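S.K.: Contents are CSV, C-alpha atoms and all ligand atoms; file name data.csv:
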chain,number,residue,atom,x,y,z
N,1,MET,CA,55.0,43.8,-82.9
N,2,SER,CA,55.9,45.3,-79.6
N,3,ALA,CA,56.2,49.1,-79.3
N,4,ALA,CA,59.8,50.0,-78.5
N,5,VAL,CA,60.6,50.0,-74.8
N,6,ALA,CA,64.1,51.0,-73.9
N,7,PRO,CA,65.1,50.8,-70.2
N,8,ALA,CA,67.4,53.6,-69.3
N,9,HIS,CA,70.1,51.2,-68.4
N,10,SER,CA,70.6,47.5,-67.9
N,11,HIS,CA,70.8,46.0,-64.5
N,12,THR,CA,74.2,45.0,-63.3
N,13,SER,CA,74.9,41.5,-61.9
N,14,ARG,CA,75.8,42.7,-58.4
N,15,LEU,CA,72.7,43.0,-56.4
N,16,ALA,CA,72.3,45.9,-54.0
N,17,GLU,CA,70.5,45.6,-50.6
N,18,GLY,CA,66.8,45.6,-51.4
N,19,GLU,CA,67.4,43.8,-54.7
N,20,LYS,CA,67.9,40.4,-53.0
N,21,TYR,CA,65.5,37.6,-53.9
N,22,TYR,CA,64.9,34.8,-51.4
N,23,LEU,CA,63.3,32.4,-53.9
N,24,ARG,CA,64.8,30.3,-56.7
N,25,PHE,CA,64.7,30.5,-60.5
N,26,ASP,CA,64.5,26.8,-61.4
N,27,ASP,CA,61.7,24.7,-62.9
N,28,ASP,CA,60.1,24.0,-59.6
N,29,ALA,CA,59.8,27.8,-59.0
N,30,LYS,CA,58.2,28.1,-62.5
N,31,LEU,CA,55.8,25.4,-61.7
N,32,ARG,CA,55.0,26.9,-58.3
N,33,LEU,CA,54.3,30.3,-59.9
N,34,ALA,CA,52.0,28.7,-62.5
N,35,GLN,CA,50.1,26.9,-59.8
N,36,GLN,CA,49.9,30.1,-57.7
N,37,ASN,CA,48.5,31.8,-60.7
N,38,ARG,CA,45.8,29.1,-61.0
N,39,VAL,CA,44.9,29.2,-57.3
N,40,THR,CA,44.8,33.0,-57.5
N,41,ARG,CA,42.5,33.0,-60.5
N,42,GLU,CA,40.1,30.6,-58.8
N,43,LEU,CA,40.3,32.7,-55.6
N,44,MET,CA,39.3,35.8,-57.6
N,45,GLY,CA,36.2,34.1,-59.1
N,46,GLY,CA,37.7,32.7,-62.3
N,47,SER,CA,39.0,35.9,-63.9
N,48,PHE,CA,41.7,38.4,-63.2
N,49,LEU,CA,39.9,41.2,-65.0
N,50,SER,CA,36.6,42.6,-63.7
N,51,ASP,CA,33.7,43.2,-66.2
N,52,LYS,CA,34.3,46.9,-65.7
N,53,VAL,CA,38.0,46.7,-66.7
N,54,VAL,CA,37.1,44.4,-69.7
N,55,SER,CA,34.5,47.0,-70.9
N,56,HIS,CA,37.2,49.7,-70.5
N,57,LEU,CA,39.6,47.7,-72.7
N,58,GLN,CA,36.8,47.0,-75.2
N,59,ALA,CA,36.1,50.7,-75.5
N,60,ILE,CA,39.8,51.3,-76.2
N,61,LYS,CA,39.7,48.6,-78.9
N,62,ASP,CA,36.5,50.1,-80.4
N,63,SER,CA,38.3,53.5,-80.6
N,64,GLY,CA,40.7,51.8,-83.0
N,65,ARG,CA,43.8,51.1,-80.9
N,66,ARG,CA,45.2,48.1,-79.1
N,67,PRO,CA,44.9,48.4,-75.3
N,68,ARG,CA,48.4,48.6,-73.6
N,69,ILE,CA,48.9,46.5,-70.5
N,70,CYS,CA,52.0,45.9,-68.4
N,71,ASP,CA,52.8,43.6,-65.5
N,72,ILE,CA,55.6,44.5,-63.1
N,73,GLY,CA,57.6,41.8,-61.3
N,74,THR,CA,56.0,39.5,-63.9
N,75,GLY,CA,58.3,36.4,-63.5
N,76,PRO,CA,57.5,34.0,-66.4
N,77,GLY,CA,54.4,36.2,-67.2
N,78,ASP,CA,51.6,33.8,-66.1
N,79,TRP,CA,49.2,36.7,-65.4
N,80,MET,CA,49.8,38.2,-68.9
N,81,PHE,CA,49.3,34.9,-70.7
N,82,ASP,CA,46.2,34.3,-68.8
N,83,ILE,CA,44.6,37.6,-69.6
N,84,GLN,CA,45.7,37.4,-73.2
N,85,THR,CA,43.7,34.2,-73.6
N,86,GLN,CA,40.7,35.8,-71.9
N,87,LEU,CA,40.9,39.0,-74.0
N,88,GLN,CA,41.5,37.2,-77.3
N,89,SER,CA,38.3,35.2,-76.7
N,90,LEU,CA,36.6,38.6,-76.8
N,91,ASP,CA,38.5,39.6,-79.9
N,92,ILE,CA,40.7,42.1,-78.0
N,93,GLN,CA,44.4,41.9,-78.9
N,94,PRO,CA,46.3,43.8,-76.1
N,95,ILE,CA,49.9,44.9,-76.3
N,96,LEU,CA,51.5,43.0,-73.3
N,97,HIS,CA,54.8,44.0,-71.7
N,98,GLY,CA,56.2,42.2,-68.7
N,99,TYR,CA,59.0,43.6,-66.5
N,100,ASP,CA,61.1,41.9,-63.9
N,101,LEU,CA,64.5,42.3,-62.2
N,102,PHE,CA,65.6,38.8,-63.2
N,103,PRO,CA,65.4,38.0,-67.0
N,104,ILE,CA,66.2,34.4,-66.2
N,105,HIS,CA,62.4,34.0,-65.7
N,106,PHE,CA,61.6,35.3,-69.2
N,107,PRO,CA,60.6,33.0,-72.1
N,108,PRO,CA,63.2,32.9,-75.0
N,109,LYS,CA,62.9,35.8,-77.5
N,110,GLU,CA,61.4,33.6,-80.2
N,111,GLU,CA,58.6,32.5,-77.8
N,112,GLN,CA,58.0,36.1,-76.9
N,113,GLU,CA,57.6,37.0,-80.6
N,114,SER,CA,55.4,34.1,-81.4
N,115,LYS,CA,53.1,34.7,-78.5
N,116,ASP,CA,53.2,38.5,-78.9
N,117,VAL,CA,54.1,39.1,-75.3
N,118,TYR,CA,57.4,41.0,-74.6
N,119,PHE,CA,59.6,41.0,-71.5
N,120,TYR,CA,62.0,43.7,-70.2
N,121,GLU,CA,64.4,44.1,-67.3
N,122,LEU,CA,63.4,46.6,-64.6
N,123,ASN,CA,64.0,47.1,-60.8
N,124,ILE,CA,60.8,48.3,-59.1
N,125,HIS,CA,62.9,50.3,-56.7
N,126,ASP,CA,65.0,52.1,-59.3
N,127,LYS,CA,63.3,54.7,-61.4
N,128,SER,CA,66.2,54.9,-63.8
N,129,THR,CA,65.5,51.4,-64.9
N,130,PHE,CA,62.0,52.3,-65.9
N,131,PRO,CA,61.3,52.8,-69.6
N,132,GLU,CA,60.7,56.3,-71.1
N,133,LEU,CA,57.5,55.7,-72.9
N,134,ALA,CA,55.9,57.7,-75.7
N,135,GLU,CA,52.6,56.0,-74.9
N,136,LYS,CA,51.9,54.8,-71.4
N,137,TYR,CA,49.8,51.8,-70.3
N,138,ASP,CA,46.0,51.6,-69.9
N,139,VAL,CA,46.5,48.9,-67.3
N,140,VAL,CA,49.4,48.5,-64.9
N,141,HIS,CA,49.4,45.3,-62.9
N,142,ILE,CA,51.6,44.2,-59.9
N,143,ARG,CA,51.3,41.0,-58.0
N,144,TYR,CA,53.0,39.3,-55.1
N,145,LEU,CA,56.0,41.5,-54.7
N,146,SER,CA,55.7,42.1,-51.0
N,147,ILE,CA,58.6,39.7,-50.4
N,148,VAL,CA,60.9,42.2,-52.1
N,149,ILE,CA,59.5,45.5,-50.8
N,150,VAL,CA,60.4,46.5,-47.3
N,151,GLY,CA,58.4,49.0,-45.2
N,152,HIS,CA,59.9,52.3,-46.4
N,153,GLN,CA,60.1,51.2,-50.0
N,154,TRP,CA,56.3,50.9,-50.7
N,155,GLU,CA,55.9,54.6,-51.6
N,156,GLY,CA,58.8,54.7,-54.1
N,157,ALA,CA,57.8,51.4,-55.7
N,158,PHE,CA,54.2,52.6,-56.0
N,159,GLU,CA,55.2,55.9,-57.5
N,160,ASN,CA,57.6,54.3,-60.0
N,161,CYS,CA,54.8,52.0,-61.2
N,162,LEU,CA,52.2,54.8,-61.3
N,163,GLY,CA,54.5,56.7,-63.6
N,164,LEU,CA,53.8,54.1,-66.3
N,165,LEU,CA,50.1,54.6,-66.2
N,166,GLU,CA,48.2,56.6,-68.8
N,167,PRO,CA,45.9,59.3,-67.3
N,168,GLY,CA,42.5,57.6,-67.1
N,169,GLY,CA,44.1,54.1,-66.8
N,170,VAL,CA,43.6,51.5,-64.1
N,171,MET,CA,46.2,50.1,-61.7
N,172,MET,CA,45.7,46.7,-60.1
N,173,TRP,CA,47.9,45.3,-57.3
N,174,GLU,CA,47.5,42.0,-55.4
N,175,GLU,CA,49.4,41.0,-52.3
N,176,ILE,CA,49.3,38.0,-49.9
N,177,LEU,CA,48.4,39.1,-46.4
N,178,PHE,CA,51.1,37.0,-44.6
N,179,ASP,CA,49.7,37.8,-41.2
N,180,GLU,CA,46.4,36.3,-42.1
N,181,PHE,CA,47.9,32.9,-43.2
N,182,GLU,CA,46.4,30.1,-41.3
N,183,MET,CA,47.7,26.6,-40.8
N,184,SER,CA,45.4,23.7,-39.9
N,185,ASP,CA,46.2,21.7,-36.8
N,186,ARG,CA,49.8,22.6,-35.8
N,187,PHE,CA,50.1,19.8,-33.3
N,188,GLU,CA,49.0,17.1,-35.8
N,189,TYR,CA,51.4,18.5,-38.4
N,190,PRO,CA,54.5,19.6,-36.4
N,191,TYR,CA,57.0,19.4,-39.3
N,192,ALA,CA,54.9,21.5,-41.6
N,193,ALA,CA,54.4,23.9,-38.7
N,194,LYS,CA,58.2,24.1,-38.1
N,195,ILE,CA,59.0,24.8,-41.8
N,196,PHE,CA,56.1,27.3,-42.0
N,197,ASP,CA,57.4,29.2,-38.9
N,198,MET,CA,60.8,29.2,-40.3
N,199,GLY,CA,59.5,30.8,-43.5
N,200,VAL,CA,57.7,33.5,-41.5
N,201,ALA,CA,60.8,34.1,-39.3
N,202,MET,CA,62.9,34.5,-42.5
N,203,PHE,CA,60.4,37.2,-43.7
N,204,VAL,CA,60.6,39.0,-40.4
N,205,ARG,CA,64.4,38.8,-40.3
N,206,HIS,CA,64.8,40.2,-43.7
N,207,GLY,CA,62.6,43.2,-42.7
N,208,LEU,CA,59.8,42.2,-45.0
N,209,LEU,CA,56.7,43.6,-43.2
N,210,LEU,CA,54.1,41.1,-42.5
N,211,ASN,CA,51.1,43.3,-43.1
N,212,CYS,CA,51.5,45.3,-46.3
N,213,SER,CA,47.9,46.4,-46.5
N,214,PRO,CA,48.2,49.7,-44.6
N,215,LYS,CA,51.0,50.7,-47.0
N,216,LEU,CA,49.0,50.4,-50.2
N,217,THR,CA,45.6,51.6,-49.0
N,218,PRO,CA,46.5,55.2,-48.5
N,219,LEU,CA,48.6,55.3,-51.7
N,220,PHE,CA,45.6,54.1,-53.8
N,221,LYS,CA,43.3,56.5,-51.9
N,222,THR,CA,45.5,59.5,-52.5
N,223,ASN,CA,46.5,58.8,-56.1
N,224,PHE,CA,43.1,57.8,-57.6
N,225,GLN,CA,39.8,59.4,-57.7
N,226,LYS,CA,38.2,56.0,-57.3
N,227,SER,CA,39.9,53.1,-55.5
N,228,ALA,CA,38.7,49.9,-53.9
N,229,GLN,CA,40.2,47.0,-52.0
N,230,THR,CA,38.9,43.5,-51.9
N,231,LYS,CA,40.0,40.5,-49.9
N,232,PHE,CA,39.9,36.9,-51.1
N,233,SER,CA,40.5,33.8,-48.9
N,234,THR,CA,41.2,30.2,-49.9
N,235,THR,CA,39.0,29.1,-47.0
N,236,ASN,CA,36.1,29.6,-49.4
N,237,LEU,CA,37.5,27.3,-52.1
N,238,ASP,CA,36.8,23.6,-52.6
N,239,GLU,CA,39.1,21.2,-50.9
N,240,ASP,CA,41.0,20.3,-54.1
N,241,TRP,CA,42.0,24.0,-54.5
N,242,GLN,CA,42.9,24.2,-50.8
N,243,ARG,CA,45.2,21.2,-51.3
N,244,LEU,CA,46.9,22.9,-54.3
N,245,GLN,CA,47.4,26.0,-52.2
N,246,ALA,CA,48.9,23.8,-49.4
N,247,LYS,CA,51.2,22.2,-51.9
N,248,ASN,CA,52.3,25.6,-53.1
N,249,MET,CA,52.9,26.8,-49.6
N,250,TYR,CA,55.1,23.7,-49.1
N,251,MET,CA,57.0,24.5,-52.3
N,252,VAL,CA,57.6,28.1,-51.5
N,253,THR,CA,58.9,27.4,-47.9
N,254,ARG,CA,61.1,24.6,-49.2
N,255,GLU,CA,62.4,26.9,-51.9
N,256,MET,CA,63.3,29.5,-49.3
N,257,LEU,CA,65.0,26.9,-47.1
N,258,MET,CA,67.0,25.4,-50.0
N,259,LYS,CA,68.1,28.9,-51.1
N,260,LYS,CA,69.2,29.7,-47.6
N,261,LEU,CA,71.0,26.4,-47.2
N,262,GLU,CA,73.2,27.3,-50.1
N,263,GLY,CA,75.0,29.1,-47.3
N,264,GLY,CA,76.0,25.7,-45.8
N,265,GLU,CA,76.0,24.4,-42.2
N,266,GLU,CA,76.2,27.8,-40.7
N,267,ALA,CA,73.0,28.9,-42.5
N,268,ALA,CA,71.3,25.7,-41.2
N,269,ARG,CA,72.2,26.6,-37.6
N,270,GLU,CA,71.1,30.2,-38.1
N,271,LEU,CA,67.6,28.8,-39.0
N,272,GLY,CA,67.6,26.8,-35.7
N,273,PHE,CA,68.5,23.4,-37.2
N,274,GLY,CA,71.4,21.3,-35.8
N,275,SER,CA,72.7,20.6,-39.3
N,276,MET,CA,71.9,20.8,-43.0
N,277,ASN,CA,70.8,17.2,-42.9
N,278,GLU,CA,68.3,17.9,-40.1
N,279,ALA,CA,66.9,20.9,-42.0
N,280,ILE,CA,66.4,18.8,-45.2
N,281,LYS,CA,64.9,16.0,-43.2
N,282,THR,CA,62.5,18.3,-41.5
N,283,ALA,CA,61.5,19.7,-44.9
N,284,ASP,CA,60.9,16.2,-46.2
N,285,LEU,CA,58.8,15.3,-43.1
N,286,SER,CA,56.8,18.6,-43.6
N,287,MET,CA,56.0,17.3,-47.1
N,288,GLU,CA,54.6,14.2,-45.5
N,289,ASP,CA,52.4,16.4,-43.2
N,290,TYR,CA,51.0,18.1,-46.3
N,291,ARG,CA,50.4,14.7,-47.9
N,292,LYS,CA,48.5,13.6,-44.8
N,293,GLY,CA,46.2,16.6,-45.0
N,294,CYS,CA,47.8,19.7,-43.5
N,295,LEU,CA,46.2,22.8,-45.1
N,296,THR,CA,47.4,26.4,-45.1
N,297,ASN,CA,44.9,29.0,-46.0
N,298,MET,CA,45.9,32.2,-47.7
N,299,THR,CA,44.2,35.5,-47.9
N,300,ILE,CA,45.1,38.0,-50.6
N,301,CYS,CA,44.1,41.6,-51.0
N,302,GLN,CA,43.5,43.4,-54.3
N,303,TRP,CA,43.8,47.1,-54.7
N,304,VAL,CA,42.3,48.7,-57.8
N,305,GLY,CA,42.6,52.4,-58.7
N,306,GLU,CA,40.5,53.7,-61.6
N,307,GLY,CA,41.1,56.8,-63.5
N,308,PHE,CA,38.4,56.2,-66.1
N,309,GLU,CA,34.7,57.0,-66.1
N,310,GLY,CA,32.9,53.8,-65.0
N,401,LIG,C1,56.6,35.9,-56.0
N,401,LIG,S1,57.1,36.3,-57.6
N,401,LIG,C2,55.6,36.8,-58.4
N,401,LIG,C3,55.6,36.7,-59.9
N,401,LIG,C4,54.4,37.2,-60.6
N,401,LIG,N1,54.1,38.6,-60.3
N,401,LIG,C5,53.2,36.3,-60.3
N,401,LIG,O1,52.3,36.8,-59.5
N,401,LIG,O2,53.1,35.2,-60.8
N,401,LIG,C6,58.1,37.7,-57.4
N,401,LIG,C7,58.7,38.3,-58.7
N,401,LIG,O3,59.3,39.5,-58.4
N,401,LIG,C8,60.5,39.6,-59.1
N,401,LIG,N2,61.4,40.6,-58.5
N,401,LIG,C9,62.2,40.5,-57.4
N,401,LIG,N3,62.8,41.6,-57.0
N,401,LIG,C10,62.3,42.6,-58.0
N,401,LIG,C11,62.6,43.9,-58.2
N,401,LIG,N4,63.4,44.6,-57.3
N,401,LIG,N5,62.0,44.6,-59.2
N,401,LIG,C12,61.2,43.9,-60.1
N,401,LIG,N6,60.9,42.6,-59.9
N,401,LIG,C13,61.5,41.9,-58.9
N,401,LIG,C14,61.1,38.2,-59.1
N,401,LIG,O4,62.0,38.0,-60.0
N,401,LIG,C15,59.8,37.4,-59.3
N,401,LIG,O5,59.5,37.2,-60.6
Hey, can you dump this file as structure tokens for me?
M.R.:
Amino acid sequence: MSAAVAPAHSHTSRLAEGEKYYLRFDDDAKLRLAQQNRVTRELMGGSFLSDKVVSHLQAIKDSGRRPRICDIGTGPGDWMFDIQTQLQSLDIQPILHGYDLFPIHFPPKEEQESKDVYFYELNIHDKSTFPELAEKYDVVHIRYLSIVIVGHQWEGAFENCLGLLEPGGVMMWEEILFDEFEMSDRFEYPYAAKIFDMGVAMFVRHGLLLNCSPKLTPLFKTNFQKSAQTKFSTTNLDEDWQRLQAKNMYMVTREMLMKKLEGGEEAARELGFGSMNEAIKTADLSMEDYRKGCLTNMTICQWVGEGFEG
């Protein structure tokens, strides 16, 4: 059973500035997140947990209690289900809690209970939505939230998440370095390049900073005795994985486009297209570019802060 977690209040349906989300919540989005999870795992060498973190969790288990782990901005919880499988193979049964602003991502209650993974609503920017915990978490994980954290919000979001961490625990945070994204031959694949540039322009227009790394590095350095950052790039992966990454890139930019086009013809013109039809046609042609072999390489950075004795 899950330990009781009661958010201070439930999120209201009207979204404030800074709580907007530029992606969708449909089955394609779920598939994309699941694919992104697989690519990320491969990128990180096949496991989301380092040997050191696994040993730390093993020591907690050996002391007679279940390690407590949470994932902020969890979506459908792919990361949690992944590490649950890994830890169960080592006979470690962690308590797993996922938090997200949009419960539409969450599996139904019965599935949460049968899988022993529980989901709760929370806004990373709003401390009052964070749970009051009798016992905090041994591991706090955050991944791919930079599309919802603008420049001045990093510190507050970091502090809110840090407040969930047990003294001596470990915090892990991964973000895509958007300014290190690379696209293979832009001239050979003009439609993919156009949709890619549109995605980047949308990030910029919404004030989502392209390079988040300087924001997290000092926060980890100041708040942990020991912290490290590691970069991983898809350029080192086999071609099949690079193709999956490219497909994902296509899906995410198309998702952003379609979401924006919910605003009609005016939204299409704002994006620099003559009409909605032209925008949709360009997106379809960009898919062809990806099919023909266009690749987009992604670099991610992981920050780890450890409060335990290594
Ligand atoms: C790109 S997805 C990443 C999902 C998951 N972390 C992963 O790596 O598979 C971003 C997630 O952030 C969630 N989100 C958006 N705004 C949020 C906020 N203000 N507080 C918490 N979660 C938020 C979205 O609902 C979505 O699930």
S.K.: What residues of the protein or nucleic acid chains come within 6 Å of ligand LIG 401 (chain N) when you use all atoms listed in the file? Reply as a PyMOL selection string.
M.R.: chain N and resi 19+21+33+37+73-75+78+100-102+122-125+143-145+148
S.K.: Return the single residue from N:Asp28, N:Gln84, N:Tyr191, N:Asp91 that is closest to Val252 (chain N), with distances computed using all atoms listed in the file.
M.R.: N:Asp28
S.K.: Find the distance between CA of Gly77 (chain N) and CA of Val150 (chain N) and write it in Å to one decimal.
M.R.: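 About the pair CA of Gly77 (chain N) and CA of Val150 (chain N): they are 23.2 Å apart.
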S.K.: Provide the CA of Lys109 (chain N) to CA of Glu121 (chain N) distance in Å, to one decimal place.
M.R.: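 These atoms are spaced 13.2 Å apart.
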S.K.: Name the closest residue to His141 (chain N) among the candidates N:Gln153, N:Asp51, N:Cys161, N:Ala193; distances are taken between atoms, counting all atoms listed in the file.
M.R.: N:Cys161
S.K.: If you count all atoms listed in the file, which residues fall within 12 Å of Phe158 (chain N), apart from same-chain ones fewer than 3 positions away, as a PDB file with C-alpha atoms, in the coordinates of the input?
M.R.:
ATOM      1  CA  ILE N  72      55.600  44.500 -63.100  1.00  0.00           C
ATOM      2  CA  ILE N 124      60.800  48.300 -59.100  1.00  0.00           C
ATOM      3  CA  HIS N 125      62.900  50.300 -56.700  1.00  0.00           C
ATOM      4  CA  ASP N 126      65.000  52.100 -59.300  1.00  0.00           C
ATOM      5  CA  LYS N 127      63.300  54.700 -61.400  1.00  0.00           C
ATOM      6  CA  VAL N 140      49.400  48.500 -64.900  1.00  0.00           C
ATOM      7  CA  HIS N 141      49.400  45.300 -62.900  1.00  0.00           C
ATOM      8  CA  ILE N 142      51.600  44.200 -59.900  1.00  0.00           C
ATOM      9  CA  LEU N 145      56.000  41.500 -54.700  1.00  0.00           C
ATOM     10  CA  SER N 146      55.700  42.100 -51.000  1.00  0.00           C
ATOM     11  CA  ILE N 149      59.500  45.500 -50.800  1.00  0.00           C
ATOM     12  CA  HIS N 152      59.900  52.300 -46.400  1.00  0.00           C
ATOM     13  CA  GLN N 153      60.100  51.200 -50.000  1.00  0.00           C
ATOM     14  CA  TRP N 154      56.300  50.900 -50.700  1.00  0.00           C
ATOM     15  CA  GLU N 155      55.900  54.600 -51.600  1.00  0.00           C
ATOM     16  CA  CYS N 161      54.800  52.000 -61.200  1.00  0.00           C
ATOM     17  CA  LEU N 162      52.200  54.800 -61.300  1.00  0.00           C
ATOM     18  CA  GLY N 163      54.500  56.700 -63.600  1.00  0.00           C
ATOM     19  CA  LEU N 164      53.800  54.100 -66.300  1.00  0.00           C
ATOM     20  CA  LEU N 165      50.100  54.600 -66.200  1.00  0.00           C
ATOM     21  CA  MET N 171      46.200  50.100 -61.700  1.00  0.00           C
ATOM     22  CA  MET N 172      45.700  46.700 -60.100  1.00  0.00           C
ATOM     23  CA  TRP N 173      47.900  45.300 -57.300  1.00  0.00           C
ATOM     24  CA  LYS N 215      51.000  50.700 -47.000  1.00  0.00           C
ATOM     25  CA  LEU N 216      49.000  50.400 -50.200  1.00  0.00           C
ATOM     26  CA  THR N 217      45.600  51.600 -49.000  1.00  0.00           C
ATOM     27  CA  PRO N 218      46.500  55.200 -48.500  1.00  0.00           C
ATOM     28  CA  LEU N 219      48.600  55.300 -51.700  1.00  0.00           C
ATOM     29  CA  PHE N 220      45.600  54.100 -53.800  1.00  0.00           C
ATOM     30  CA  THR N 222      45.500  59.500 -52.500  1.00  0.00           C
ATOM     31  CA  ASN N 223      46.500  58.800 -56.100  1.00  0.00           C
ATOM     32  CA  TRP N 303      43.800  47.100 -54.700  1.00  0.00           C
ATOM     33  CA  GLY N 305      42.600  52.400 -58.700  1.00  0.00           C
TER      34      GLY N 305
END
S.K.: Quick one: pull the distance between CA of Gly168 (chain N) and CA of Trp79 (chain N), Å, one decimal.
M.R.: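 Distance reported for this atom pair: 22.0 Å.
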S.K.: List the spatial neighbours of Asp185 (chain N) as number ranges by chain - criterion: any atom at most 9 Å away, all atoms listed in the file, same-chain residues fewer than 4 positions off excluded.
M.R.: N: 189-190, 193, 294-295
S.K.: Keeping only C-alpha atoms, write the selected residues to a file as a CSV table (one decimal), in the coordinates of the input.
M.R.:
chain,number,residue,atom,x,y,z
N,189,TYR,CA,51.4,18.5,-38.4
N,190,PRO,CA,54.5,19.6,-36.4
N,193,ALA,CA,54.4,23.9,-38.7
N,294,CYS,CA,47.8,19.7,-43.5
N,295,LEU,CA,46.2,22.8,-45.1
S.K.: How would you write as a list in words the residues that get within 12 Å of (54.9, 15.1, -49.5) in the file's frame, counting all atoms listed in the file?
M.R.: Tyr191, Ala192, Arg243, Ala246, Lys247, Asn248, Met249, Tyr250, Met251, Arg254, Lys281, Thr282, Ala283, Asp284, Leu285, Ser286, Met287, Glu288, Asp289, Tyr290, Arg291, Lys292, Gly293 and Cys294 of chain N
S.K.: Name the closest residue to Glu270 (chain N) among the candidates N:Met202, N:Ile300, N:Arg41, N:Val139; distances are taken between atoms, counting only C-alpha atoms.
M.R.: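 Of N:Met202, N:Ile300, N:Arg41, N:Val139, the one nearest Glu270 (chain N), counting only C-alpha atoms, is N:Met202.
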S.K.: Counting all atoms listed in the file, which residues sit no farther than 10 Å from the position (57.5, 55.9, -66.5) in the file's frame? I'd like them as a PyMOL selection string.
M.R.: chain N and resi 7+127-137+159-166
S.K.: I need the residue nearest Gly307 (chain N) from this list: N:Ile147, N:Val39, N:Val170, N:Met276. Use only C-alpha atoms for the distance.
M.R.: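 Closest to Gly307 (chain N) of all the choices is N:Val170.
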S.K.: Quick one: of N:Lys61, N:Asp179, N:Gly151, N:Gln225, who's nearest to Pro167 (chain N), counting all atoms listed in the file?
M.R.: N:Gln225
S.K.: Measuring between all atoms listed in the file, which one of N:Glu239, N:Asp71, N:Asp197, N:Asp82 shows the shortest distance to Phe119 (chain N)?
M.R.: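 Once distances to Phe119 (chain N) are computed over all atoms listed in the file, the minimum belongs to N:Asp71.
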S.K.: Using only C-alpha atoms, which residues sit within 12 Å of Lys260 (chain N) once same-chain residues fewer than 3 positions away are excluded, as a VMD selection string?
M.R.: chain N and resid 21 to 24 198 to 199 202 253 to 257 263 to 271 276 279 to 280
